[in-house]
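Presented below is the structure to which this report refers.
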Amino acid sequence: MATLSSSKHCCSSSSVYSSSSSFGFHQPQRNIPFPVVSQKRLGSKSVSWQSKCSPSSNVILMQDGALATKRVATDEAPPSKLKEGLLSVTPPEEHKQLMNFDTNADKSTVSITVVGASGDLAKKKIFPALFALYYEDCLPEHFTIFGYARSKMTDAELRNIVSKTLTCRIDKRENCSEKMEQFLKRCFYHSGQYDSQQNFVELDKKLKEHEAGRVANRLFYLSIPPNIFVDAVKCASLSASAANGWTRVIVEKPFGRDSESSAALTRALKQYLEEDQIFRIDHYLGKELVENLSVLRFSNLIFEPLWSRQYIRNVQLIFSEDFGTEGRGGYFDHYGIIRDIMQNHLLQILALFAMETPVSLDAEDIRNEKVKVLRSMKPIRIDDVVIGQYKSHTKGGVSYPGYTDDKTVPKDSLTPTFAAAALFIDNARWDGVPFLMKAGKALHNRRAEIRVQFRHVPGNLYNRNFGTDLDRATNELVIRVQPDEAIYLKINNKVPGLGMRLDRSNLNLLYKARYSKEIPDAYERLLLDAVEGERRLFIRSDELDAAWSLFTPVLKELEEKKITPEYYPYGSRGPVGAHYLAARYNVKWGDIGVDE
Amino acid sequence: MAKLLSNSCSQSSSVTFSSLHNEKLCSSGKLKVIPSVSHFSKWAPKISARIQLRSHFELKSSNGYPLNAVSLQDEGSDANPQAEEPHFPELGEGDSTLSITVVGASGDLAKKKIFPALFALYYEDWLPENFVVCGYSRTKMNDEELRNMISRTLTCRIDKRENCEDKMAQFLQRCFYHSGQYNSEEHFLELDSKLKEKEGGRLSNRLFYLSIPPNIFVDVVRCASTKASSTSGWTRVIVEKPFGRDSESSNELTRSLKQYLTEDQIFRIDHYLGKELVENLSVLRFSNLVFEPLWSRNYIRNVQLIFSEDFGTEGRGGYFDNYGIIRDIMQNHLLQILALFAMETPVSLDAEDIRNEKVKVLRSMRPLQLEDVNVGQYKGHSKGGKSYPGYTDDPTVPKNSITPTFAAAALFINNARWDGVPFLMKAGKALHTRRAEIRVQFRHVPGNLYKRNFGTDLDKATNELVLRVQPDEAIYLKINNKVPGLGMRLDRSDLNLLYKARYPREIPDAYERLLLDAVEGERRLFIRSDELDAAWALFTPLLKELEEKKIAPELYPYGSRGPVGAHYLAAKHNVRWGDLAGDE
């Protein structure tokens, strides 16, 4: 097996796919020989381009999808400092000083503050992801983790909570407890109100103590409800920004609930932060197979020629959960499945799938292409959307509650828990190709996948062998994001034996079978990228605007007309309306075909 | 899993997606049995039209040109132009019968391959209801002795053992023996009367399988054709390689055979064409949208056809020494696969249409140059206390033989689709593995965004499609993907389909398929004489030059990876052998 590798600077040595080349996609930050770095730099145009800016003069015009900027070059950055220094918002004089240090050198440190530390997401995802990064040596040598929330707690109590959810990689159990202990020692807690500058000043003081005069970079993870985003950002930015390193803020969805509220949120955040300090997380973009989508397209000769309306008949983006709101529908009811899954996760995947080849793999280049896709999309017609809501269902003596049986959901709620939509991209590559999305809760299985159905073979010699249904015999490329990551290509081949019978079988790659290493959680990747300033997987505000302007009209119409969702039983395959929608565009859902 | 049903009805083990359709097919009889009928009954008028045309046509096709004419004649599938019977013998009907005569019944091939294949066909119900198998050779033997001999090599499918003993006994009851000289018309006359006896006045079709040395081909064909042809049905003759040893001798053989047989009675077998994955090659290309757009010089960098055996001549080099590996493997098996691989889309899947396209490929090929060929011969080698003999240590081989046991060659097709794409062939005996495969290496991605991740060797990161013909039939496509994890490391992994894993049923031997096709008059997998001519025309000048210049083969140790010369040959055309790469 040939390994084509170039590893991110970190860490894990367990992989058998060893590599001789050390420069890579992510900027190596540790002990990098100079020539290598400069090569990296040639490839990272936009990064070095940003390196010339004085952050205070940044003007990023978001709405048109291109980064129009007026920037003044201040000085030439030493290559090894590229990202870390330059994407930060520090006064120029400190900027200069900062550049003389490597982030990971003795004198720099990262403080990660999890705002909303007592919440569920923090416990289940953020702390474990941070630990995993630590465990695999991906974090800088000096780092501190602060929990911040309103609950009164001591450091020890926080550590106690955190320790319950930490796990080690299945394939690397040695030293696990030791590592955990070391990690927990770096975790601290500060209790405070989310809108109290005073409390954030106290936090700042504590952080300074831990930073002990080193160059300090600070990352805030806002794991809090959207209505207090702006308050927390204001306080953090004004009272707890890094004095001499970068300050970045990770925000999670929801980013508003329509174009207006999203724009308002962006505006509010921008009062206190520059665009490049805001890291809007879409954790689907951190999934292994979504990351791999671009690799598949752009590093294989055989896929790119097929990647257009000429060969692709339709694309399906499918997300399903096999559970409902389970008593926690309060938040969901306000948003619904379209906002919760489609407008962000599925649309982001669609954009990655359909984008033109970017100039480079740099974040800005990729996001420029994605935004072009979003802006080329036809507005969604209400006829092209099917919505559903699950109802209760009794099976095998077990009774599953309907959506409106959830106590936190209003009895007369019309919020969709299922939606299917047909989207179209009006550009030369995709004109007329239906992109079908489907997302739902309380369905019969849990999965997320991308299915690419190819056209039928023109003038197929084997027509007679197929009977009459040519559409059944088309090729299909399936990228299964979860569970059981896999890529497979359905091909027609001959059933071995005498006679000529054809069969659709799979050329497949099951990740579990090939890669014994555990696949990192999406949050690990995204947290690491945020620490490193790699923005590829985060949503830029113009992308967000474009995504909202696509969905806002149809969402408004659904709400104004009080369209009743089609009811489907808990645990079923969803409303049949989705099939009629597909049929209108001559599509058959691939996930509920007989051969799956 | 959807099964795309075609015309096989007797296999009930598989799920079909439309049982309605299935019933319809099966109710119309054993469609697979008669190919022209398998085009469904609406085709019947056309077929009778063809029969009328056929009787006015005289076949003279040894120059490979009158292709359309050949196709007119062959289409009808009942082979014998003299036989004017208006209907097709419905095999399996009570009034027709099939006699299969294995000429050279005491030989190795007959015992190891032909009889077992016939039994397998019988076991799976592919043979017509009335059939007899007759062994013919010089050895004195009675029916019992033949049955005894055969029964030792018969086996049942691993996955279907029930009734095996019964079936074997029934099969053996249908086997008879006739002893005679290969050049005696009188003995064949005796055979004819024996066959008539068994046929019992039914409409009779006769198939002769010539499992004998090439020097007696013509004698046997003469005797069989003049004395033992069927009077009421078709008569067909299967011949095995070698079909001559150069253009002249091959032409001579064809001319001689044609004195007694028409082209469509001659079934030149190339058993590689009966291999499952070779059959699948056309299916892959023409029934999948994703491959055909890639199938040209725009995307394919080179194609490799690789054949290796892990044993030498093992004391039976007498025949081989007269031919050498190029004639034994390349000029036929590998070249046939190449032609199938590279041909344009045929008008239909009919034999003549496919063979027309194959012959076009062969005739578009640049004659082989001596400098594009590397020859080798294995020498003795000791490993782990065990000593393996060299080729010339074989007592049946002359001590000073320079016959190649290994050869690598670069071939080119001068047409619009393939101009400049090297087709590399490699075949050898006494190598480190036994395998046969087709490897398609694609070009590198132009302007690859991930080139930094590949380091400098872009060519190492190209896609590759591999069809492994043997052992362990498989298809896999090497793709680049990301190694799961936080970094961005790329890895070449496989999208694969291992037949063993997906199809637990045993894959039939190539001989079964080919025998069945011959019985059914399906000529797709047999070599037409113009194909044969074109194949020889390509190799003859080179073979002559090798022999005239007495080019000494590069010696390589028994069990090694073959002469290094093959690598230099590949390097010259900017190719790297896929089978010897580090990742295999």
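Within each chain, counting starts at residue 1; across the structure tokens, chains are named A, B, ... in the order shown, with ligands numbered 1 upward in that order.
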
Please, which residues of segment 170-377 of chain A, numbered as in this document, come out strand (DSSP E) from DSSP, as a PDB file with N, CA and C atoms, in the first residue's frame?
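What ended up in out.pdb:
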ATOM      1  N   CYS A 187      -7.540  21.891  33.968  1.00  0.00           N
ATOM      2  CA  CYS A 187      -8.909  22.400  33.865  1.00  0.00           C
ATOM      3  C   CYS A 187      -9.270  23.199  35.105  1.00  0.00           C
ATOM      4  N   PHE A 188      -9.879  24.352  34.879  1.00  0.00           N
ATOM      5  CA  PHE A 188     -10.282  25.210  35.988  1.00  0.00           C
ATOM      6  C   PHE A 188     -11.696  25.679  35.754  1.00  0.00           C
ATOM      7  N   TYR A 189     -12.243  26.255  36.786  1.00  0.00           N
ATOM      8  CA  TYR A 189     -13.613  26.705  36.653  1.00  0.00           C
ATOM      9  C   TYR A 189     -13.744  28.116  37.162  1.00  0.00           C
ATOM     10  N   HIS A 190     -14.553  28.883  36.457  1.00  0.00           N
ATOM     11  CA  HIS A 190     -14.877  30.201  36.971  1.00  0.00           C
ATOM     12  C   HIS A 190     -16.367  30.394  36.810  1.00  0.00           C
ATOM     13  N   SER A 191     -16.980  30.777  37.914  1.00  0.00           N
ATOM     14  CA  SER A 191     -18.424  30.958  37.863  1.00  0.00           C
ATOM     15  C   SER A 191     -18.742  32.425  37.626  1.00  0.00           C
ATOM     16  N   VAL A 215       3.186  34.746  25.791  1.00  0.00           N
ATOM     17  CA  VAL A 215       2.286  35.230  24.747  1.00  0.00           C
ATOM     18  C   VAL A 215       1.009  34.419  24.877  1.00  0.00           C
ATOM     19  N   ALA A 216      -0.112  35.129  24.991  1.00  0.00           N
ATOM     20  CA  ALA A 216      -1.331  34.407  25.336  1.00  0.00           C
ATOM     21  C   ALA A 216      -2.337  34.452  24.203  1.00  0.00           C
ATOM     22  N   ASN A 217      -2.762  33.255  23.762  1.00  0.00           N
ATOM     23  CA  ASN A 217      -3.848  33.166  22.785  1.00  0.00           C
ATOM     24  C   ASN A 217      -5.067  32.649  23.508  1.00  0.00           C
ATOM     25  N   ARG A 218      -6.216  33.186  23.121  1.00  0.00           N
ATOM     26  CA  ARG A 218      -7.418  32.769  23.848  1.00  0.00           C
ATOM     27  C   ARG A 218      -8.517  32.343  22.898  1.00  0.00           C
ATOM     28  N   LEU A 219      -9.089  31.219  23.228  1.00  0.00           N
ATOM     29  CA  LEU A 219     -10.185  30.684  22.433  1.00  0.00           C
ATOM     30  C   LEU A 219     -11.398  30.553  23.336  1.00  0.00           C
ATOM     31  N   PHE A 220     -12.502  31.179  22.932  1.00  0.00           N
ATOM     32  CA  PHE A 220     -13.746  31.035  23.691  1.00  0.00           C
ATOM     33  C   PHE A 220     -14.700  30.146  22.919  1.00  0.00           C
ATOM     34  N   TYR A 221     -15.205  29.148  23.584  1.00  0.00           N
ATOM     35  CA  TYR A 221     -16.193  28.273  22.956  1.00  0.00           C
ATOM     36  C   TYR A 221     -17.543  28.606  23.566  1.00  0.00           C
ATOM     37  N   LEU A 222     -18.449  29.179  22.757  1.00  0.00           N
ATOM     38  CA  LEU A 222     -19.744  29.554  23.304  1.00  0.00           C
ATOM     39  C   LEU A 222     -20.739  28.410  23.184  1.00  0.00           C
ATOM     40  N   THR A 247      -7.394  36.268  19.836  1.00  0.00           N
ATOM     41  CA  THR A 247      -8.602  35.900  20.550  1.00  0.00           C
ATOM     42  C   THR A 247      -9.607  35.410  19.528  1.00  0.00           C
ATOM     43  N   ARG A 248     -10.095  34.217  19.733  1.00  0.00           N
ATOM     44  CA  ARG A 248     -11.062  33.663  18.773  1.00  0.00           C
ATOM     45  C   ARG A 248     -12.278  33.163  19.519  1.00  0.00           C
ATOM     46  N   VAL A 249     -13.411  33.204  18.823  1.00  0.00           N
ATOM     47  CA  VAL A 249     -14.646  32.762  19.453  1.00  0.00           C
ATOM     48  C   VAL A 249     -15.320  31.723  18.561  1.00  0.00           C
ATOM     49  N   ILE A 250     -15.594  30.582  19.146  1.00  0.00           N
ATOM     50  CA  ILE A 250     -16.339  29.569  18.399  1.00  0.00           C
ATOM     51  C   ILE A 250     -17.810  29.678  18.761  1.00  0.00           C
ATOM     52  N   VAL A 251     -18.642  29.814  17.764  1.00  0.00           N
ATOM     53  CA  VAL A 251     -20.092  29.824  18.006  1.00  0.00           C
ATOM     54  C   VAL A 251     -20.724  28.627  17.321  1.00  0.00           C
ATOM     55  N   ILE A 278     -14.305  35.113  14.353  1.00  0.00           N
ATOM     56  CA  ILE A 278     -15.528  34.337  14.569  1.00  0.00           C
ATOM     57  C   ILE A 278     -15.405  32.995  13.868  1.00  0.00           C
ATOM     58  N   PHE A 279     -15.535  31.929  14.603  1.00  0.00           N
ATOM     59  CA  PHE A 279     -15.493  30.586  14.033  1.00  0.00           C
ATOM     60  C   PHE A 279     -16.864  29.957  14.188  1.00  0.00           C
ATOM     61  N   ARG A 280     -17.651  30.020  13.083  1.00  0.00           N
ATOM     62  CA  ARG A 280     -18.986  29.418  13.132  1.00  0.00           C
ATOM     63  C   ARG A 280     -18.841  27.939  12.828  1.00  0.00           C
ATOM     64  N   ILE A 281     -19.176  27.153  13.807  1.00  0.00           N
ATOM     65  CA  ILE A 281     -18.942  25.722  13.673  1.00  0.00           C
ATOM     66  C   ILE A 281     -20.142  25.051  13.008  1.00  0.00           C
ATOM     67  N   ILE A 312     -24.164  12.920 -14.082  1.00  0.00           N
ATOM     68  CA  ILE A 312     -24.890  12.734 -12.832  1.00  0.00           C
ATOM     69  C   ILE A 312     -26.354  13.070 -13.028  1.00  0.00           C
ATOM     70  N   ARG A 313     -27.176  12.137 -12.643  1.00  0.00           N
ATOM     71  CA  ARG A 313     -28.613  12.285 -12.818  1.00  0.00           C
ATOM     72  C   ARG A 313     -29.221  13.036 -11.643  1.00  0.00           C
ATOM     73  N   ASN A 314     -28.780  12.704 -10.462  1.00  0.00           N
ATOM     74  CA  ASN A 314     -29.254  13.427  -9.287  1.00  0.00           C
ATOM     75  C   ASN A 314     -28.327  13.144  -8.121  1.00  0.00           C
ATOM     76  N   VAL A 315     -28.436  13.992  -7.119  1.00  0.00           N
ATOM     77  CA  VAL A 315     -27.625  13.846  -5.918  1.00  0.00           C
ATOM     78  C   VAL A 315     -28.581  13.856  -4.732  1.00  0.00           C
ATOM     79  N   GLN A 316     -28.359  12.965  -3.806  1.00  0.00           N
ATOM     80  CA  GLN A 316     -29.247  12.885  -2.649  1.00  0.00           C
ATOM     81  C   GLN A 316     -28.440  13.078  -1.372  1.00  0.00           C
ATOM     82  N   LEU A 317     -28.954  13.938  -0.535  1.00  0.00           N
ATOM     83  CA  LEU A 317     -28.301  14.181   0.752  1.00  0.00           C
ATOM     84  C   LEU A 317     -29.294  13.758   1.822  1.00  0.00           C
ATOM     85  N   ILE A 318     -28.918  12.756   2.542  1.00  0.00           N
ATOM     86  CA  ILE A 318     -29.890  12.114   3.418  1.00  0.00           C
ATOM     87  C   ILE A 318     -29.405  12.110   4.854  1.00  0.00           C
ATOM     88  N   PHE A 319     -30.292  12.549   5.737  1.00  0.00           N
ATOM     89  CA  PHE A 319     -29.963  12.546   7.153  1.00  0.00           C
ATOM     90  C   PHE A 319     -31.147  11.960   7.889  1.00  0.00           C
ATOM     91  N   SER A 320     -30.911  10.971   8.712  1.00  0.00           N
ATOM     92  CA  SER A 320     -32.032  10.516   9.520  1.00  0.00           C
ATOM     93  C   SER A 320     -31.579  10.121  10.907  1.00  0.00           C
TER      94      SER A 320
END

task: Give me the residues within 8 Å of segment 436-449 of chain B as an MDAnalysis selection string, counting only C-alpha atoms and dropping any in the same chain fewer than 6 places off.
output: (chainID A and resid 298:302 359:361) or (chainID B and resid 299:308 458:459 461:471 578)

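Coordinates place atom CA of Asp591 of chain A at a distance of 28.8 Å from atom CA of Leu526 of chain A.
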
Within segment 126-256 of chain A, find each residue whose DSSP state, derived from the backbone, is alpha helix (DSSP H), and express the selection as a compact mmCIF listing (two decimals) with N, CA, C and O atoms, in the first residue's frame.
# COMPACT_ATOMS: atom_id res chain seq x y z
N PHE A 127 -15.38 18.87 26.19
CA PHE A 127 -14.29 18.42 27.07
C PHE A 127 -13.66 17.11 26.57
O PHE A 127 -12.44 17.00 26.51
N PRO A 128 -14.49 16.14 26.17
CA PRO A 128 -13.86 14.92 25.64
C PRO A 128 -13.00 15.18 24.40
O PRO A 128 -11.93 14.59 24.24
N ALA A 129 -13.45 16.09 23.54
CA ALA A 129 -12.65 16.39 22.35
C ALA A 129 -11.34 17.05 22.74
O ALA A 129 -10.27 16.73 22.19
N LEU A 130 -11.41 17.95 23.71
CA LEU A 130 -10.18 18.60 24.17
C LEU A 130 -9.22 17.58 24.76
O LEU A 130 -8.01 17.60 24.50
N PHE A 131 -9.78 16.66 25.50
CA PHE A 131 -8.92 15.64 26.09
C PHE A 131 -8.27 14.78 25.00
O PHE A 131 -7.08 14.48 25.04
N ALA A 132 -9.08 14.43 24.01
CA ALA A 132 -8.53 13.60 22.93
C ALA A 132 -7.39 14.33 22.23
O ALA A 132 -6.36 13.73 21.89
N LEU A 133 -7.56 15.61 22.02
CA LEU A 133 -6.48 16.38 21.39
C LEU A 133 -5.24 16.40 22.27
O LEU A 133 -4.12 16.26 21.79
N TYR A 134 -5.47 16.56 23.54
CA TYR A 134 -4.35 16.54 24.49
C TYR A 134 -3.67 15.18 24.47
O TYR A 134 -2.45 15.06 24.37
N TYR A 135 -4.51 14.17 24.51
CA TYR A 135 -3.99 12.80 24.55
C TYR A 135 -3.13 12.50 23.35
O TYR A 135 -2.13 11.80 23.42
N ASP A 155 -13.07 24.16 41.20
CA ASP A 155 -12.29 23.47 40.18
C ASP A 155 -12.46 21.96 40.30
O ASP A 155 -12.64 21.25 39.31
N ALA A 156 -12.41 21.50 41.54
CA ALA A 156 -12.49 20.06 41.77
C ALA A 156 -13.82 19.51 41.30
O ALA A 156 -13.89 18.42 40.71
N GLU A 157 -14.87 20.28 41.55
CA GLU A 157 -16.19 19.79 41.12
C GLU A 157 -16.28 19.71 39.59
O GLU A 157 -16.81 18.76 39.03
N LEU A 158 -15.72 20.75 38.94
CA LEU A 158 -15.70 20.70 37.48
C LEU A 158 -14.95 19.47 36.99
O LEU A 158 -15.41 18.72 36.13
N ARG A 159 -13.77 19.26 37.60
CA ARG A 159 -12.95 18.13 37.18
C ARG A 159 -13.69 16.82 37.35
O ARG A 159 -13.60 15.92 36.52
N ASN A 160 -14.43 16.79 38.39
CA ASN A 160 -15.22 15.61 38.67
C ASN A 160 -16.25 15.37 37.55
O ASN A 160 -16.39 14.26 37.03
N ILE A 161 -16.94 16.45 37.19
CA ILE A 161 -17.94 16.33 36.12
C ILE A 161 -17.28 15.92 34.81
O ILE A 161 -17.72 15.01 34.12
N VAL A 162 -16.20 16.64 34.51
CA VAL A 162 -15.52 16.39 33.24
C VAL A 162 -15.01 14.96 33.17
O VAL A 162 -15.16 14.27 32.16
N SER A 163 -14.44 14.50 34.28
CA SER A 163 -13.77 13.20 34.24
C SER A 163 -14.74 12.08 33.90
O SER A 163 -14.34 11.05 33.36
N LYS A 164 -16.01 12.31 34.22
CA LYS A 164 -16.98 11.23 33.95
C LYS A 164 -17.18 10.97 32.46
O LYS A 164 -17.60 9.88 32.07
N THR A 165 -16.92 11.97 31.64
CA THR A 165 -17.19 11.78 30.21
C THR A 165 -15.93 11.56 29.38
O THR A 165 -16.01 11.34 28.18
N CYS A 176 -3.71 5.91 29.99
CA CYS A 176 -4.92 6.69 29.86
C CYS A 176 -5.23 7.43 31.15
O CYS A 176 -5.45 8.64 31.15
N SER A 177 -5.19 6.73 32.26
CA SER A 177 -5.57 7.39 33.52
C SER A 177 -4.59 8.51 33.87
O SER A 177 -4.98 9.58 34.32
N GLU A 178 -3.33 8.21 33.61
CA GLU A 178 -2.32 9.23 33.89
C GLU A 178 -2.60 10.49 33.11
O GLU A 178 -2.59 11.61 33.64
N LYS A 179 -2.82 10.27 31.81
CA LYS A 179 -3.07 11.40 30.92
C LYS A 179 -4.31 12.16 31.36
O LYS A 179 -4.36 13.39 31.33
N MET A 180 -5.29 11.41 31.79
CA MET A 180 -6.52 12.06 32.24
C MET A 180 -6.24 12.97 33.41
O MET A 180 -6.72 14.10 33.47
N GLU A 181 -5.45 12.45 34.31
CA GLU A 181 -5.15 13.22 35.49
C GLU A 181 -4.40 14.51 35.13
O GLU A 181 -4.74 15.60 35.60
N GLN A 182 -3.42 14.34 34.26
CA GLN A 182 -2.67 15.52 33.83
C GLN A 182 -3.58 16.53 33.16
O GLN A 182 -3.46 17.73 33.35
N PHE A 183 -4.50 16.00 32.36
CA PHE A 183 -5.41 16.88 31.65
C PHE A 183 -6.30 17.63 32.64
O PHE A 183 -6.49 18.84 32.56
N LEU A 184 -6.83 16.87 33.60
CA LEU A 184 -7.76 17.49 34.54
C LEU A 184 -7.08 18.59 35.36
O LEU A 184 -7.71 19.57 35.75
N LYS A 185 -5.78 18.40 35.59
CA LYS A 185 -5.06 19.44 36.33
C LYS A 185 -5.02 20.76 35.59
O LYS A 185 -4.80 21.81 36.18
N GLN A 197 -19.60 42.06 32.72
CA GLN A 197 -18.22 42.37 32.36
C GLN A 197 -17.31 42.16 33.54
O GLN A 197 -16.16 41.74 33.42
N GLN A 198 -17.87 42.46 34.72
CA GLN A 198 -17.11 42.30 35.95
C GLN A 198 -16.60 40.87 36.10
O GLN A 198 -15.43 40.63 36.36
N ASN A 199 -17.54 39.94 35.90
CA ASN A 199 -17.16 38.54 36.05
C ASN A 199 -16.11 38.12 35.02
O ASN A 199 -15.25 37.29 35.28
N PHE A 200 -16.22 38.69 33.83
CA PHE A 200 -15.23 38.36 32.80
C PHE A 200 -13.87 38.97 33.11
O PHE A 200 -12.84 38.41 32.74
N VAL A 201 -13.90 40.14 33.77
CA VAL A 201 -12.63 40.72 34.20
C VAL A 201 -11.95 39.78 35.19
O VAL A 201 -10.74 39.54 35.13
N GLU A 202 -12.76 39.21 36.09
CA GLU A 202 -12.19 38.24 37.03
C GLU A 202 -11.60 37.04 36.30
O GLU A 202 -10.51 36.56 36.61
N LEU A 203 -12.35 36.60 35.27
CA LEU A 203 -11.85 35.49 34.45
C LEU A 203 -10.51 35.86 33.82
O LEU A 203 -9.55 35.09 33.84
N ASP A 204 -10.50 37.06 33.26
CA ASP A 204 -9.27 37.55 32.63
C ASP A 204 -8.09 37.47 33.58
O ASP A 204 -7.00 37.04 33.24
N LYS A 205 -8.35 37.89 34.79
CA LYS A 205 -7.28 37.89 35.80
C LYS A 205 -6.79 36.47 36.05
O LYS A 205 -5.58 36.20 36.08
N LYS A 206 -7.73 35.56 36.19
CA LYS A 206 -7.35 34.16 36.41
C LYS A 206 -6.56 33.62 35.24
O LYS A 206 -5.57 32.90 35.40
N LEU A 207 -7.03 33.96 34.04
CA LEU A 207 -6.33 33.48 32.84
C LEU A 207 -4.90 33.99 32.81
O LEU A 207 -3.96 33.26 32.53
N LYS A 208 -4.78 35.28 33.13
CA LYS A 208 -3.44 35.90 33.12
C LYS A 208 -2.50 35.18 34.06
O LYS A 208 -1.32 34.97 33.77
N GLU A 209 -3.05 34.83 35.20
CA GLU A 209 -2.26 34.11 36.18
C GLU A 209 -1.66 32.83 35.57
O GLU A 209 -0.48 32.55 35.69
N HIS A 210 -2.54 32.09 34.88
CA HIS A 210 -2.09 30.83 34.29
C HIS A 210 -1.16 31.05 33.12
O HIS A 210 -0.28 30.26 32.85
N GLU A 211 -1.38 32.15 32.43
CA GLU A 211 -0.55 32.41 31.27
C GLU A 211 0.86 32.85 31.68
O GLU A 211 1.80 32.71 30.91
N PHE A 229 -25.63 34.87 23.18
CA PHE A 229 -24.40 34.95 22.38
C PHE A 229 -23.74 36.32 22.48
O PHE A 229 -22.56 36.45 22.80
N VAL A 230 -24.56 37.33 22.17
CA VAL A 230 -23.98 38.65 22.00
C VAL A 230 -23.46 39.20 23.34
O VAL A 230 -22.36 39.77 23.39
N ASP A 231 -24.22 38.95 24.39
CA ASP A 231 -23.77 39.39 25.71
C ASP A 231 -22.42 38.78 26.06
O ASP A 231 -21.48 39.47 26.48
N ALA A 232 -22.34 37.47 25.86
CA ALA A 232 -21.10 36.79 26.22
C ALA A 232 -19.94 37.28 25.37
O ALA A 232 -18.83 37.49 25.86
N VAL A 233 -20.23 37.47 24.07
CA VAL A 233 -19.17 37.95 23.19
C VAL A 233 -18.72 39.34 23.60
O VAL A 233 -17.52 39.64 23.63
N LYS A 234 -19.69 40.18 23.95
CA LYS A 234 -19.34 41.53 24.36
C LYS A 234 -18.40 41.48 25.57
O LYS A 234 -17.33 42.10 25.56
N CYS A 235 -18.79 40.75 26.57
CA CYS A 235 -18.00 40.71 27.80
C CYS A 235 -16.64 40.09 27.56
O CYS A 235 -15.61 40.60 28.02
N ALA A 236 -16.64 38.96 26.82
CA ALA A 236 -15.37 38.28 26.58
C ALA A 236 -14.44 39.18 25.80
O ALA A 236 -13.25 39.32 26.12
N SER A 237 -14.98 39.80 24.79
CA SER A 237 -14.15 40.61 23.93
C SER A 237 -13.61 41.84 24.65
O SER A 237 -12.43 42.17 24.54
N LEU A 238 -14.49 42.50 25.40
CA LEU A 238 -14.07 43.73 26.05
C LEU A 238 -13.20 43.48 27.27
O LEU A 238 -12.25 44.20 27.53
N SER A 239 -13.54 42.42 28.00
CA SER A 239 -12.88 42.27 29.28
C SER A 239 -11.91 41.12 29.36
O SER A 239 -11.11 41.03 30.28
N ALA A 240 -11.98 40.19 28.39
CA ALA A 240 -11.11 39.03 28.54
C ALA A 240 -10.35 38.68 27.27
O ALA A 240 -9.90 37.55 27.09

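For the atom pair formed by atom CA of Asp372 of chain B and atom CA of Ala342 of chain B, the distance is 19.6 Å, given to one decimal.
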
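Nearest-residue note for chain B: choosing from A:Leu477, A:Ile337, A:Ile563, A:Leu461, the minimum distance belongs to A:Leu461, counting only C-alpha atoms.
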
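Taking atom CA of Lys562 of chain A and atom CA of Ile338 of chain A as the two end points, the separation is 15.0 Å.
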
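Excluding Glu485 of chain A itself and same-chain residues fewer than 6 positions from it, the residues having an atom within 8 Å of it are Leu289, Ile479, Leu510, Tyr511 and Lys512 of chain A, counting only C-alpha atoms.
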
Export of prior selection with N, CA, C and O atoms as an mmCIF file, in the first residue's frame:
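The result, stored in result_2.cif:
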data_model
loop_
_atom_site.group_PDB
_atom_site.id
_atom_site.type_symbol
_atom_site.label_atom_id
_atom_site.label_comp_id
_atom_site.auth_asym_id
_atom_site.auth_seq_id
_atom_site.Cartn_x
_atom_site.Cartn_y
_atom_site.Cartn_z
ATOM 1 N N LEU A 289 -15.867 11.702 6.509
ATOM 2 C CA LEU A 289 -16.184 11.490 5.106
ATOM 3 C C LEU A 289 -16.581 12.758 4.375
ATOM 4 O O LEU A 289 -16.522 12.813 3.156
ATOM 5 N N ILE A 479 -21.508 7.811 -0.346
ATOM 6 C CA ILE A 479 -20.565 8.182 0.695
ATOM 7 C C ILE A 479 -21.352 8.186 2.001
ATOM 8 O O ILE A 479 -22.216 9.023 2.191
ATOM 9 N N LEU A 510 -14.928 -0.036 3.194
ATOM 10 C CA LEU A 510 -15.525 0.141 4.504
ATOM 11 C C LEU A 510 -14.411 0.600 5.433
ATOM 12 O O LEU A 510 -13.401 -0.075 5.566
ATOM 13 N N TYR A 511 -14.610 1.744 6.020
ATOM 14 C CA TYR A 511 -13.527 2.309 6.821
ATOM 15 C C TYR A 511 -13.101 1.391 7.952
ATOM 16 O O TYR A 511 -11.932 1.230 8.229
ATOM 17 N N LYS A 512 -14.086 0.796 8.617
ATOM 18 C CA LYS A 512 -13.769 -0.077 9.737
ATOM 19 C C LYS A 512 -12.797 -1.171 9.326
ATOM 20 O O LYS A 512 -11.924 -1.558 10.078
#
